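Asks: Take this structure first; my questions come after.
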Amino acid sequence: MTQLRVDWELFSSGWIPDGVRGAVERYLAVLWQFLDCAHVREALGRNGPFRSEQFALTMEQWNFTYEIDLARGAAVVRDARSDA
């Protein structure tokens, strides 16, 4: 089973607290295990880019928007906002 990579796009590592980043990455890794076990990538083939629609995730007072890129095996975080 391949590991999910999290692509934080243009976010600097210091902007989002390490604990929050780690929690988001663990959550997305569990999601990726489900997708990999369901053989979603094999069903779609590997002939082109396959991105999900955008999803929202809330951790503590942080809100994230991300997509799953099946072809790259990566979760692409598009937006991160703190309510604090």
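Just so we're on the same page: first chain in the structure tokens is A, next is B, and so on; residues restart at 1 for each chain, and ligands are numbered from 1 in the order they show up.
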Find the spatial neighbours of Val6 of chain A, counting only C-alpha atoms, within a cut-off of 7 Å - ignore same-chain residues fewer than 6 positions away - and output them as a ChimeraX atom specification.

Replies: /A:25,74-76

Asks: Report, in Å with one decimal, the straight-line distance from atom CA of Arg81 of chain A to atom CA of Phe50 of chain A.

Replies: 25.7 Å

Asks: Between atom CA of Gln33 of chain A and atom CA of Glu60 of chain A, what is the distance in Å, rounded to a tenth?

Replies: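 So the two atoms, atom CA of Gln33 of chain A and atom CA of Glu60 of chain A, lie 23.2 Å apart.
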
Asks: If I take atom CA of Ala84 of chain A and atom CA of Thr58 of chain A, how far is one from the other in Å, to one decimal?

Replies: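 For atom CA of Ala84 of chain A relative to atom CA of Thr58 of chain A, the distance reads 12.9 Å.
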
Asks: For Thr65 of chain A, which residue out of A:Asp83, A:Gln3, A:Trp8, A:Leu35 is the nearest one, using only C-alpha atoms?

Replies: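 Ranked by minimum distance to Thr65 of chain A, first place goes to A:Trp8.
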
Asks: For Phe55 of chain A, find every residue with an atom within 10 Å (counting only C-alpha atoms), except residues of its own chain fewer than 6 positions away, and show them as a PDB file with N, CA and C atoms, in the first residue's frame.

Replies:
```
ATOM      1  N   PHE A  64      -9.747  23.639   6.739  1.00  0.00           N
ATOM      2  CA  PHE A  64      -8.922  23.303   5.589  1.00  0.00           C
ATOM      3  C   PHE A  64      -9.813  22.928   4.417  1.00  0.00           C
ATOM      4  N   THR A  65      -9.365  23.265   3.226  1.00  0.00           N
ATOM      5  CA  THR A  65      -9.993  22.815   1.995  1.00  0.00           C
ATOM      6  C   THR A  65      -8.935  22.017   1.243  1.00  0.00           C
ATOM      7  N   TYR A  66      -9.302  20.812   0.808  1.00  0.00           N
ATOM      8  CA  TYR A  66      -8.324  19.960   0.134  1.00  0.00           C
ATOM      9  C   TYR A  66      -9.002  19.151  -0.960  1.00  0.00           C
ATOM     10  N   GLU A  67      -8.159  18.609  -1.842  1.00  0.00           N
ATOM     11  CA  GLU A  67      -8.577  17.684  -2.891  1.00  0.00           C
ATOM     12  C   GLU A  67      -7.709  16.442  -2.770  1.00  0.00           C
ATOM     13  N   ILE A  68      -8.203  15.322  -3.231  1.00  0.00           N
ATOM     14  CA  ILE A  68      -7.395  14.113  -3.313  1.00  0.00           C
ATOM     15  C   ILE A  68      -6.987  13.921  -4.769  1.00  0.00           C
ATOM     16  N   VAL A  77      -3.732  20.408  -0.177  1.00  0.00           N
ATOM     17  CA  VAL A  77      -4.402  21.385   0.675  1.00  0.00           C
ATOM     18  C   VAL A  77      -4.429  22.711  -0.076  1.00  0.00           C
ATOM     19  N   ARG A  78      -5.623  23.205  -0.351  1.00  0.00           N
ATOM     20  CA  ARG A  78      -5.803  24.419  -1.128  1.00  0.00           C
ATOM     21  C   ARG A  78      -5.941  25.671  -0.263  1.00  0.00           C
TER      22      ARG A  78
END
```

Asks: Let me make sure I understand: among A:Ala29, A:Leu57, A:Leu4, A:Val24, which one has the smallest atom-to-atom distance to Ala71 of chain A if we use only C-alpha atoms?

Replies: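 Of A:Ala29, A:Leu57, A:Leu4, A:Val24, the one nearest Ala71 of chain A is A:Leu4, counting only C-alpha atoms.
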
Asks: Counting only C-alpha atoms, which residue out of A:Met59, A:Ser52, A:Glu9, A:Ala80 sits closest to Ala23 of chain A?

Replies: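 Smallest distance to Ala23 of chain A is found for A:Met59.
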